[in-house]
Amino acid sequence: MNSCLIRGGTLIDGTGAAGYRADIRVESGVITDIAEALEARDEEQVEDATGCIVAPGFIECHTHFDGTMWWEPELKPLAGFGATTVIMGNCGFSIAPLPEAPEVRDELIKIFSFFEDIPEAPFKTELPWNWQTWSEYKQVLTKNVRVPTNYGAYVGHIALRLTAMGLEAWDRAATPAEVTQMVTLLRDALEAGAMGMSSNLMDHDGSDRPVPSLQADDTEWLALAETLAQYPGTQLQIIVDTFRAMTAPTSMERLGKLFEGVDVRVQWGGVPTLEFQRDMMGIQAPLIEMHEKFKREGRDFWTGFSHVPITVTLSVQQSLIFAQSNDYVWHEVVLAENEEEKSQILRDPDWRERARASWDNDVFDFSPLAKAQSRGMLLLNSDNGVGPIRITLGEYADALGVHTSDAMAEWLLNNGLDSTVTMPAFVKDEDMVVRLLRDPYTVGNITDSGAHGQMLCGGGENILLLTDYVKEQGLITVEEAVHNLTGKLAGHFGLHDRGELKLGKRADITVFNMEEIKYQPMEKVYDVPDGKGDYTWRWTRNPAPMRLTLVNGEATFSAGHYTDAKPGMMVSPLS
């Protein structure tokens with residue numbers, strides 16, 4: 001639509017200021033008029049927003065659409081939940097730069113696939129892989145992929161290391177020459193418009209190997225941070241360990257000291273918002289103190305957090321949960337290449353004995369496989385309907401008179417290996433969530449959308465800030481919710497041409513009625529290529545729905561339906 005008048009709504013402009021009654025005009029993708037009682041022009045499309053909120057489009061600040069946008073370019077359900085911009089390349093995982101050696105390229109795919117629970121097959125069949133540097137990747141991406149949201153992307157520290165060091169990136173610190181090559185590759189990305197560099201000080205793979213970025217020494221870190229500091233608006237995004245070894249305080253103390261005097265913005269994730277992390281693990285207190293310390297020192301450090309209650313869904317087809325829970329016995333089933341091999345493992349008495357021992361002795365206390373939690377897991381998603389369903393794993397184990405590990409094996413064998421087992425959501429520390437939402441140096445709305453497709457559906461989790469925190473609990477105002485989804489994030493990422501409803505800003509806008517929107521349940525769709533000419537499934541959900549979502553002035557969702565428009569563009573810091 002070239003010219004559109006949104007009339008009769010309450011404008012919440014994304015700054016945190018109180019909403020007010022006004023109309024808003026959009027022309028050629030830009031907001032050109034905001035006033036009361038604007039008159040419609042000839043042939044101008046008019047959208048009636050009576051009784052609705054008109055807000056800037058929502059920013060999904062932590063996603064993993066790098067690969068999936070190639071085979072799921074509709075990015076559903078994002079537009080139905082008001083999302084207009086996504087930031088990808090998080091957690092140190094990106095698909096550029098690309099190593100020259102085929103075996104190292106394959107390792108890059110395996111790393112991304114394992115840690116983000118995305119099948120390897122479509123990575124190999126749906127992407128052209130005809131780039132080496134990040135700038136070449138950008139050219140190929142923007143030429144060949146059209147999506148309904150804007151998108152920005154980090155360059156991943158792991159990809160930089162693999163490209164500079166090959167497979168040795170897993171095992172050692174970089175040489176001076178290799179650090180120089182990483183800096184050169186990073187400069188290429190930043191000059192081409194990357195949001196910055198993402199890194200990872202948390203993850204271990206299915207063989208319990210620490211990811212390559214955990215091998216970086218202080219010399220490497222400092223060289224990369226000093227490079228970032230030379231490109232205004234860029235940042236270092238990093239995840240730290242608040243689950244496994246709980247090294248987050250040590251990691252951030254190290255980087256905080258190392259980066260003293262370096263003018264680089266750091267987004268670190270972050271302060272835990274689950275009650276068990278506060279009470280049982282004791283990891284919340286030192287990290288919130290570290291957050292406050294960085295603020296007192298005037299550091300440009302922003303703390304990431306999630307308002308979403310983590311729900312774990314276990315699958316033996318594609319899941320990192322077993323390995324991340326320190327259960328490498330059940331992870332053997334995930335690694336098996338086909339259903340016949342998986343079934344043989346699940347039936348094997350020796351494996352059953354090792355699996356029981358692993359659940360009893362090896363898994364982390366917070367794991368869904370630990371004794372207390374495993375009994376509460378829910379049997380909800382049967383692939384063939386044999387059942388039983390809607391009961392707990394503990395109830396099923398009692399009915400069979402067996403260990404919960406054996407019960408899960410039996411249920412999967414009976415119900416099909418595409419079935420999943422779900423753990424009830426962890427209880428949130430709502431007071432901490434609200435505290436962080438109101439803190440000016442935090443980054444919220446972290447949902448992992450685009451990843452873990454058979455475990456969760458990050459798309460649509462944003463709406464919880466409106467349905468749960470505003471409408472149901474009254475913990476924050478609608479203006480605070482919108483600010484955390486829009487203007488605050490746009491400012492953090494240096495996207496100064498959007499995120500607020502002001503004259504001259506890009507027309508990324510969403511319109512919704514608070515009484516109509518709701519947090520939708522997950523549903524299965526079979527649209528993920530399996531590399532064999534067929535499709536496997538992922539979770540998605542129906543739209544909220546919004547009344548209207550505009551991206552660069554074009555409707556991507558309207559009147560309850562997705563449109564065919566794909567006006568998304570790559571965005572860069574200080575745009």
# chains A, B, ... in the order shown; residues from 1 in each chain; ligands from 1
$ residues_around --residues "Leu314 of chain A" --least-positions-apart "5" --cutoff "7 Å" --atoms "only C-alpha atoms" --output "PyMOL selection string"
chain A and resi 319+321+420-422+455
$ select_by_dssp --residues "segment 425-548 of chain A" --states "alpha helix (DSSP H)" --output "PyMOL selection string"
chain A and resi 430-437+464+478-485+487-493
$ write_last_selection --atoms "N, CA and C atoms" --output "PDB file, in the first residue's frame"
ATOM      1  N   GLU A 430       8.487 -13.665  38.921  1.00  0.00           N
ATOM      2  CA  GLU A 430       7.808 -12.535  38.294  1.00  0.00           C
ATOM      3  C   GLU A 430       8.358 -11.194  38.784  1.00  0.00           C
ATOM      4  N   ASP A 431       8.729 -11.105  40.050  1.00  0.00           N
ATOM      5  CA  ASP A 431       9.274  -9.847  40.560  1.00  0.00           C
ATOM      6  C   ASP A 431      10.548  -9.464  39.817  1.00  0.00           C
ATOM      7  N   MET A 432      11.402 -10.461  39.542  1.00  0.00           N
ATOM      8  CA  MET A 432      12.632 -10.168  38.816  1.00  0.00           C
ATOM      9  C   MET A 432      12.342  -9.784  37.370  1.00  0.00           C
ATOM     10  N   VAL A 433      11.385 -10.463  36.744  1.00  0.00           N
ATOM     11  CA  VAL A 433      11.022 -10.100  35.369  1.00  0.00           C
ATOM     12  C   VAL A 433      10.593  -8.645  35.301  1.00  0.00           C
ATOM     13  N   VAL A 434       9.708  -8.240  36.210  1.00  0.00           N
ATOM     14  CA  VAL A 434       9.218  -6.862  36.202  1.00  0.00           C
ATOM     15  C   VAL A 434      10.358  -5.880  36.480  1.00  0.00           C
ATOM     16  N   ARG A 435      11.220  -6.230  37.428  1.00  0.00           N
ATOM     17  CA  ARG A 435      12.373  -5.368  37.723  1.00  0.00           C
ATOM     18  C   ARG A 435      13.229  -5.156  36.484  1.00  0.00           C
ATOM     19  N   LEU A 436      13.481  -6.214  35.743  1.00  0.00           N
ATOM     20  CA  LEU A 436      14.318  -6.112  34.556  1.00  0.00           C
ATOM     21  C   LEU A 436      13.600  -5.399  33.422  1.00  0.00           C
ATOM     22  N   LEU A 437      12.297  -5.597  33.297  1.00  0.00           N
ATOM     23  CA  LEU A 437      11.542  -4.878  32.271  1.00  0.00           C
ATOM     24  C   LEU A 437      11.650  -3.367  32.483  1.00  0.00           C
ATOM     25  N   LEU A 464       2.971 -12.565  25.385  1.00  0.00           N
ATOM     26  CA  LEU A 464       2.789 -12.761  26.821  1.00  0.00           C
ATOM     27  C   LEU A 464       2.979 -11.476  27.610  1.00  0.00           C
ATOM     28  N   VAL A 478       0.541  -1.187  29.678  1.00  0.00           N
ATOM     29  CA  VAL A 478       0.665  -1.524  28.265  1.00  0.00           C
ATOM     30  C   VAL A 478       1.766  -0.692  27.623  1.00  0.00           C
ATOM     31  N   GLU A 479       1.955   0.543  28.103  1.00  0.00           N
ATOM     32  CA  GLU A 479       3.029   1.377  27.572  1.00  0.00           C
ATOM     33  C   GLU A 479       4.399   0.766  27.875  1.00  0.00           C
ATOM     34  N   GLU A 480       4.557   0.189  29.073  1.00  0.00           N
ATOM     35  CA  GLU A 480       5.825  -0.460  29.417  1.00  0.00           C
ATOM     36  C   GLU A 480       6.053  -1.693  28.556  1.00  0.00           C
ATOM     37  N   ALA A 481       5.003  -2.460  28.332  1.00  0.00           N
ATOM     38  CA  ALA A 481       5.141  -3.659  27.499  1.00  0.00           C
ATOM     39  C   ALA A 481       5.561  -3.290  26.083  1.00  0.00           C
ATOM     40  N   VAL A 482       4.873  -2.317  25.494  1.00  0.00           N
ATOM     41  CA  VAL A 482       5.193  -1.912  24.125  1.00  0.00           C
ATOM     42  C   VAL A 482       6.606  -1.356  24.047  1.00  0.00           C
ATOM     43  N   HIS A 483       7.003  -0.550  25.037  1.00  0.00           N
ATOM     44  CA  HIS A 483       8.358   0.016  25.050  1.00  0.00           C
ATOM     45  C   HIS A 483       9.410  -1.092  25.032  1.00  0.00           C
ATOM     46  N   ASN A 484       9.197  -2.150  25.801  1.00  0.00           N
ATOM     47  CA  ASN A 484      10.155  -3.252  25.859  1.00  0.00           C
ATOM     48  C   ASN A 484      10.183  -4.071  24.577  1.00  0.00           C
ATOM     49  N   LEU A 485       9.134  -4.011  23.797  1.00  0.00           N
ATOM     50  CA  LEU A 485       9.065  -4.751  22.540  1.00  0.00           C
ATOM     51  C   LEU A 485       9.507  -3.913  21.343  1.00  0.00           C
ATOM     52  N   GLY A 487      10.692   0.451  21.130  1.00  0.00           N
ATOM     53  CA  GLY A 487      11.656   1.541  21.199  1.00  0.00           C
ATOM     54  C   GLY A 487      12.911   1.219  21.976  1.00  0.00           C
ATOM     55  N   LYS A 488      12.770   0.514  23.077  1.00  0.00           N
ATOM     56  CA  LYS A 488      13.935   0.163  23.886  1.00  0.00           C
ATOM     57  C   LYS A 488      14.896  -0.721  23.103  1.00  0.00           C
ATOM     58  N   LEU A 489      14.355  -1.704  22.378  1.00  0.00           N
ATOM     59  CA  LEU A 489      15.196  -2.606  21.590  1.00  0.00           C
ATOM     60  C   LEU A 489      15.781  -1.899  20.378  1.00  0.00           C
ATOM     61  N   ALA A 490      14.984  -1.060  19.715  1.00  0.00           N
ATOM     62  CA  ALA A 490      15.503  -0.334  18.558  1.00  0.00           C
ATOM     63  C   ALA A 490      16.680   0.548  18.960  1.00  0.00           C
ATOM     64  N   GLY A 491      16.560   1.203  20.113  1.00  0.00           N
ATOM     65  CA  GLY A 491      17.654   2.030  20.588  1.00  0.00           C
ATOM     66  C   GLY A 491      18.880   1.213  20.924  1.00  0.00           C
ATOM     67  N   HIS A 492      18.669   0.065  21.561  1.00  0.00           N
ATOM     68  CA  HIS A 492      19.791  -0.793  21.926  1.00  0.00           C
ATOM     69  C   HIS A 492      20.562  -1.254  20.697  1.00  0.00           C
ATOM     70  N   PHE A 493      19.856  -1.626  19.641  1.00  0.00           N
ATOM     71  CA  PHE A 493      20.506  -2.156  18.442  1.00  0.00           C
ATOM     72  C   PHE A 493      20.931  -1.066  17.455  1.00  0.00           C
TER      73      PHE A 493
END
$ residues_around --residues "segment 241-254 of chain A" --least-positions-apart "5" --cutoff "10 Å" --atoms "only C-alpha atoms" --output "PyMOL selection string"
chain A and resi 200-204+218+259+268-272+277+281-291+324-326+364-367
$ write_last_selection --atoms "N, CA and C atoms" --output "PDB file, in the first residue's frame"
ATOM      1  N   ASN A 200      29.689 -17.377  22.572  1.00  0.00           N
ATOM      2  CA  ASN A 200      29.069 -18.413  23.390  1.00  0.00           C
ATOM      3  C   ASN A 200      30.077 -18.925  24.411  1.00  0.00           C
ATOM      4  N   LEU A 201      29.749 -18.732  25.692  1.00  0.00           N
ATOM      5  CA  LEU A 201      30.566 -19.264  26.770  1.00  0.00           C
ATOM      6  C   LEU A 201      29.762 -20.250  27.612  1.00  0.00           C
ATOM      7  N   MET A 202      28.919 -21.024  26.931  1.00  0.00           N
ATOM      8  CA  MET A 202      28.040 -21.936  27.662  1.00  0.00           C
ATOM      9  C   MET A 202      28.059 -23.358  27.133  1.00  0.00           C
ATOM     10  N   ASP A 203      27.875 -23.522  25.839  1.00  0.00           N
ATOM     11  CA  ASP A 203      27.425 -24.802  25.305  1.00  0.00           C
ATOM     12  C   ASP A 203      28.517 -25.861  25.187  1.00  0.00           C
ATOM     13  N   HIS A 204      28.064 -27.125  25.333  1.00  0.00           N
ATOM     14  CA  HIS A 204      28.870 -28.316  25.089  1.00  0.00           C
ATOM     15  C   HIS A 204      28.081 -29.222  24.142  1.00  0.00           C
ATOM     16  N   ASP A 218      42.429 -14.472  26.225  1.00  0.00           N
ATOM     17  CA  ASP A 218      42.212 -13.032  26.395  1.00  0.00           C
ATOM     18  C   ASP A 218      42.713 -12.229  25.201  1.00  0.00           C
ATOM     19  N   PHE A 259      37.638  -5.824  29.177  1.00  0.00           N
ATOM     20  CA  PHE A 259      37.144  -4.780  28.291  1.00  0.00           C
ATOM     21  C   PHE A 259      37.171  -3.389  28.924  1.00  0.00           C
ATOM     22  N   TRP A 268      24.849  -9.220  27.308  1.00  0.00           N
ATOM     23  CA  TRP A 268      25.147 -10.532  27.869  1.00  0.00           C
ATOM     24  C   TRP A 268      23.871 -11.151  28.426  1.00  0.00           C
ATOM     25  N   GLY A 269      23.740 -12.455  28.238  1.00  0.00           N
ATOM     26  CA  GLY A 269      22.533 -13.142  28.680  1.00  0.00           C
ATOM     27  C   GLY A 269      22.859 -14.201  29.716  1.00  0.00           C
ATOM     28  N   GLY A 270      22.475 -13.941  30.888  1.00  0.00           N
ATOM     29  CA  GLY A 270      22.013 -12.698  31.483  1.00  0.00           C
ATOM     30  C   GLY A 270      21.539 -13.083  32.865  1.00  0.00           C
ATOM     31  N   VAL A 271      20.596 -12.341  33.398  1.00  0.00           N
ATOM     32  CA  VAL A 271      20.049 -12.607  34.730  1.00  0.00           C
ATOM     33  C   VAL A 271      18.920 -13.629  34.627  1.00  0.00           C
ATOM     34  N   PRO A 272      19.024 -14.758  35.332  1.00  0.00           N
ATOM     35  CA  PRO A 272      17.985 -15.794  35.259  1.00  0.00           C
ATOM     36  C   PRO A 272      16.670 -15.298  35.856  1.00  0.00           C
ATOM     37  N   GLN A 277      16.311 -21.254  39.581  1.00  0.00           N
ATOM     38  CA  GLN A 277      17.645 -20.683  39.426  1.00  0.00           C
ATOM     39  C   GLN A 277      17.969 -19.733  40.577  1.00  0.00           C
ATOM     40  N   MET A 281      19.549 -23.117  42.667  1.00  0.00           N
ATOM     41  CA  MET A 281      20.881 -23.005  42.082  1.00  0.00           C
ATOM     42  C   MET A 281      21.665 -21.821  42.636  1.00  0.00           C
ATOM     43  N   GLY A 282      20.964 -20.806  43.134  1.00  0.00           N
ATOM     44  CA  GLY A 282      21.641 -19.655  43.695  1.00  0.00           C
ATOM     45  C   GLY A 282      22.416 -18.817  42.694  1.00  0.00           C
ATOM     46  N   ILE A 283      22.063 -18.941  41.404  1.00  0.00           N
ATOM     47  CA  ILE A 283      22.818 -18.249  40.368  1.00  0.00           C
ATOM     48  C   ILE A 283      22.282 -16.849  40.094  1.00  0.00           C
ATOM     49  N   GLN A 284      21.056 -16.555  40.529  1.00  0.00           N
ATOM     50  CA  GLN A 284      20.480 -15.254  40.213  1.00  0.00           C
ATOM     51  C   GLN A 284      21.163 -14.112  40.974  1.00  0.00           C
ATOM     52  N   ALA A 285      21.394 -14.284  42.273  1.00  0.00           N
ATOM     53  CA  ALA A 285      21.901 -13.195  43.112  1.00  0.00           C
ATOM     54  C   ALA A 285      23.239 -12.632  42.617  1.00  0.00           C
ATOM     55  N   PRO A 286      24.254 -13.459  42.341  1.00  0.00           N
ATOM     56  CA  PRO A 286      25.521 -12.869  41.886  1.00  0.00           C
ATOM     57  C   PRO A 286      25.418 -12.178  40.532  1.00  0.00           C
ATOM     58  N   LEU A 287      24.480 -12.618  39.685  1.00  0.00           N
ATOM     59  CA  LEU A 287      24.368 -12.015  38.360  1.00  0.00           C
ATOM     60  C   LEU A 287      23.601 -10.699  38.392  1.00  0.00           C
ATOM     61  N   ILE A 288      22.586 -10.589  39.240  1.00  0.00           N
ATOM     62  CA  ILE A 288      21.903  -9.295  39.341  1.00  0.00           C
ATOM     63  C   ILE A 288      22.828  -8.278  39.995  1.00  0.00           C
ATOM     64  N   GLU A 289      23.676  -8.731  40.917  1.00  0.00           N
ATOM     65  CA  GLU A 289      24.673  -7.824  41.508  1.00  0.00           C
ATOM     66  C   GLU A 289      25.686  -7.386  40.461  1.00  0.00           C
ATOM     67  N   MET A 290      26.070  -8.300  39.576  1.00  0.00           N
ATOM     68  CA  MET A 290      26.998  -7.939  38.510  1.00  0.00           C
ATOM     69  C   MET A 290      26.352  -6.932  37.560  1.00  0.00           C
ATOM     70  N   HIS A 291      25.078  -7.138  37.264  1.00  0.00           N
ATOM     71  CA  HIS A 291      24.325  -6.189  36.439  1.00  0.00           C
ATOM     72  C   HIS A 291      24.353  -4.796  37.073  1.00  0.00           C
ATOM     73  N   GLN A 324      22.471 -31.718  27.067  1.00  0.00           N
ATOM     74  CA  GLN A 324      22.600 -30.556  27.937  1.00  0.00           C
ATOM     75  C   GLN A 324      22.211 -30.880  29.380  1.00  0.00           C
ATOM     76  N   SER A 325      21.517 -31.988  29.571  1.00  0.00           N
ATOM     77  CA  SER A 325      21.164 -32.436  30.924  1.00  0.00           C
ATOM     78  C   SER A 325      22.207 -33.388  31.493  1.00  0.00           C
ATOM     79  N   ASN A 326      23.282 -33.624  30.742  1.00  0.00           N
ATOM     80  CA  ASN A 326      24.352 -34.557  31.125  1.00  0.00           C
ATOM     81  C   ASN A 326      23.896 -36.014  31.022  1.00  0.00           C
ATOM     82  N   PHE A 364      21.808 -33.571  35.633  1.00  0.00           N
ATOM     83  CA  PHE A 364      21.847 -32.408  36.514  1.00  0.00           C
ATOM     84  C   PHE A 364      20.543 -32.314  37.304  1.00  0.00           C
ATOM     85  N   ASP A 365      20.618 -31.735  38.499  1.00  0.00           N
ATOM     86  CA  ASP A 365      19.452 -31.658  39.369  1.00  0.00           C
ATOM     87  C   ASP A 365      18.297 -30.881  38.745  1.00  0.00           C
ATOM     88  N   PHE A 366      18.613 -29.885  37.916  1.00  0.00           N
ATOM     89  CA  PHE A 366      17.566 -29.057  37.311  1.00  0.00           C
ATOM     90  C   PHE A 366      16.980 -29.686  36.050  1.00  0.00           C
ATOM     91  N   SER A 367      17.569 -30.792  35.606  1.00  0.00           N
ATOM     92  CA  SER A 367      17.177 -31.412  34.349  1.00  0.00           C
ATOM     93  C   SER A 367      15.744 -31.953  34.413  1.00  0.00           C
TER      94      SER A 367
END
$ closest_residue --among "A:Val443, A:Leu38, A:Ile509, A:Leu380" --to "Phe305 of chain A" --atoms "only C-alpha atoms"
A:Val443
$ closest_residue --among "A:Asp530, A:Glu554, A:Asp448, A:Glu43" --to "Thr63 of chain A" --atoms "only C-alpha atoms"
A:Asp448
$ residues_around --residues "Val179 of chain A" --least-positions-apart "2" --cutoff "10 Å" --atoms "only C-alpha atoms" --output "PyMOL selection string"
chain A and resi 160-161+164-165+173-177+181-185+216+219-221+223-224
$ write_last_selection --atoms "N, CA and C atoms" --output "compact mmCIF listing (two decimals), in the first residue's frame"
# COMPACT_ATOMS: atom_id res chain seq x y z
N LEU A 160 33.80 -17.56 12.84
CA LEU A 160 35.09 -16.90 12.66
C LEU A 160 36.24 -17.85 13.01
N ARG A 161 36.10 -18.56 14.13
CA ARG A 161 37.16 -19.47 14.57
C ARG A 161 37.33 -20.64 13.60
N ALA A 164 39.05 -19.47 10.43
CA ALA A 164 40.47 -19.13 10.60
C ALA A 164 41.33 -20.31 11.03
N MET A 165 40.74 -21.27 11.73
CA MET A 165 41.53 -22.32 12.39
C MET A 165 41.20 -23.73 11.93
N ALA A 173 43.78 -22.47 21.76
CA ALA A 173 43.79 -21.03 21.54
C ALA A 173 44.32 -20.72 20.14
N ALA A 174 43.97 -19.56 19.63
CA ALA A 174 44.40 -19.17 18.29
C ALA A 174 45.82 -18.61 18.33
N THR A 175 46.53 -18.78 17.24
CA THR A 175 47.84 -18.16 17.08
C THR A 175 47.64 -16.68 16.72
N PRO A 176 48.70 -15.85 16.84
CA PRO A 176 48.57 -14.45 16.42
C PRO A 176 48.09 -14.30 14.97
N ALA A 177 48.58 -15.13 14.07
CA ALA A 177 48.16 -15.04 12.67
C ALA A 177 46.68 -15.38 12.53
N GLN A 181 43.52 -13.08 11.21
CA GLN A 181 42.54 -13.48 10.20
C GLN A 181 41.12 -13.32 10.70
N MET A 182 40.87 -13.65 11.98
CA MET A 182 39.53 -13.45 12.55
C MET A 182 39.15 -11.98 12.53
N VAL A 183 40.08 -11.11 12.87
CA VAL A 183 39.82 -9.67 12.85
C VAL A 183 39.49 -9.21 11.44
N THR A 184 40.21 -9.72 10.45
CA THR A 184 39.93 -9.36 9.05
C THR A 184 38.52 -9.80 8.64
N LEU A 185 38.16 -11.01 9.01
CA LEU A 185 36.82 -11.51 8.69
C LEU A 185 35.74 -10.72 9.43
N ALA A 216 38.73 -19.51 23.31
CA ALA A 216 39.36 -18.22 23.03
C ALA A 216 40.07 -17.68 24.27
N THR A 219 43.80 -12.66 24.60
CA THR A 219 44.33 -11.94 23.43
C THR A 219 43.32 -11.91 22.30
N GLU A 220 42.70 -13.06 22.04
CA GLU A 220 41.69 -13.14 20.98
C GLU A 220 40.48 -12.28 21.32
N TRP A 221 39.98 -12.42 22.56
CA TRP A 221 38.82 -11.63 22.97
C TRP A 221 39.08 -10.14 22.83
N ALA A 223 41.27 -8.52 20.96
CA ALA A 223 41.41 -8.10 19.56
C ALA A 223 40.04 -7.95 18.90
N LEU A 224 39.15 -8.88 19.16
CA LEU A 224 37.81 -8.82 18.56
C LEU A 224 37.00 -7.67 19.15
$ closest_residue --among "A:Lys342, A:Asp508, A:Pro529, A:Leu548" --to "Trp70 of chain A" --atoms "only C-alpha atoms"
A:Pro529
$ atom_distance --atom1 "atom CA of Lys524 of chain A" --atom2 "atom CA of Asn381 of chain A"
9.7 Å
$ closest_residue --among "A:Ile95, A:Ala544, A:Met423, A:Val386" --to "Gln373 of chain A" --atoms "only C-alpha atoms"
A:Met423
$ atom_distance --atom1 "atom CA of Gly9 of chain A" --atom2 "atom CA of Thr50 of chain A"
5.0 Å
$ closest_residue --among "A:Glu126, A:Asp106, A:Asp66, A:Asp23" --to "Gly156 of chain A" --atoms "only C-alpha atoms"
A:Asp66
$ closest_residue --among "A:Trp411, A:Phe81, A:Phe65, A:Trp131" --to "Gly387 of chain A" --atoms "only C-alpha atoms"
A:Trp411
$ residues_around --residues "Phe294 of chain A" --least-positions-apart "5" --cutoff "10 Å" --atoms "only C-alpha atoms" --output "PDB file with N, CA and C atoms, in the first residue's frame"
ATOM      1  N   GLY A 256      34.455  -8.347  31.924  1.00  0.00           N
ATOM      2  CA  GLY A 256      34.325  -6.991  32.439  1.00  0.00           C
ATOM      3  C   GLY A 256      35.680  -6.344  32.661  1.00  0.00           C
ATOM      4  N   ILE A 288      22.586 -10.589  39.240  1.00  0.00           N
ATOM      5  CA  ILE A 288      21.903  -9.295  39.341  1.00  0.00           C
ATOM      6  C   ILE A 288      22.828  -8.278  39.995  1.00  0.00           C
ATOM      7  N   GLU A 289      23.676  -8.731  40.917  1.00  0.00           N
ATOM      8  CA  GLU A 289      24.673  -7.824  41.508  1.00  0.00           C
ATOM      9  C   GLU A 289      25.686  -7.386  40.461  1.00  0.00           C
ATOM     10  N   ARG A 299      29.280   1.289  32.665  1.00  0.00           N
ATOM     11  CA  ARG A 299      29.673   0.443  31.530  1.00  0.00           C
ATOM     12  C   ARG A 299      28.518   0.301  30.545  1.00  0.00           C
ATOM     13  N   ASP A 300      28.868   0.127  29.275  1.00  0.00           N
ATOM     14  CA  ASP A 300      27.854  -0.064  28.229  1.00  0.00           C
ATOM     15  C   ASP A 300      27.538  -1.556  28.117  1.00  0.00           C
ATOM     16  N   PHE A 301      27.119  -2.144  29.232  1.00  0.00           N
ATOM     17  CA  PHE A 301      26.784  -3.557  29.309  1.00  0.00           C
ATOM     18  C   PHE A 301      25.280  -3.684  29.526  1.00  0.00           C
ATOM     19  N   TRP A 302      24.634  -4.443  28.662  1.00  0.00           N
ATOM     20  CA  TRP A 302      23.181  -4.622  28.712  1.00  0.00           C
ATOM     21  C   TRP A 302      22.885  -6.085  29.032  1.00  0.00           C
ATOM     22  N   THR A 303      21.989  -6.286  29.969  1.00  0.00           N
ATOM     23  CA  THR A 303      21.706  -7.624  30.468  1.00  0.00           C
ATOM     24  C   THR A 303      20.481  -8.213  29.777  1.00  0.00           C
ATOM     25  N   TYR A 441      18.868  -0.701  31.299  1.00  0.00           N
ATOM     26  CA  TYR A 441      20.011  -1.389  30.704  1.00  0.00           C
ATOM     27  C   TYR A 441      19.764  -2.893  30.580  1.00  0.00           C
TER      28      TYR A 441
END
$ select_by_dssp --residues "segment 82-285 of chain A" --states "strand (DSSP E)" --output "list in words"
Ala83, Thr84, Thr85, Val86, Ile87, Met88, Asn150, Tyr151, Gly152, Ala153, Val155, Gly156, Gly196, Met197, Ser198, Ser199, Asn200, Leu201, Gln235, Leu236, Gln237, Ile238, Ile239, Val240, Arg265, Val266, Gln267, Trp268 and Gly269 of chain A
$ residues_around --residues "Lys428 of chain A" --least-positions-apart "5" --cutoff "7 Å" --atoms "only C-alpha atoms" --output "PyMOL selection string"
chain A and resi 273-275+309
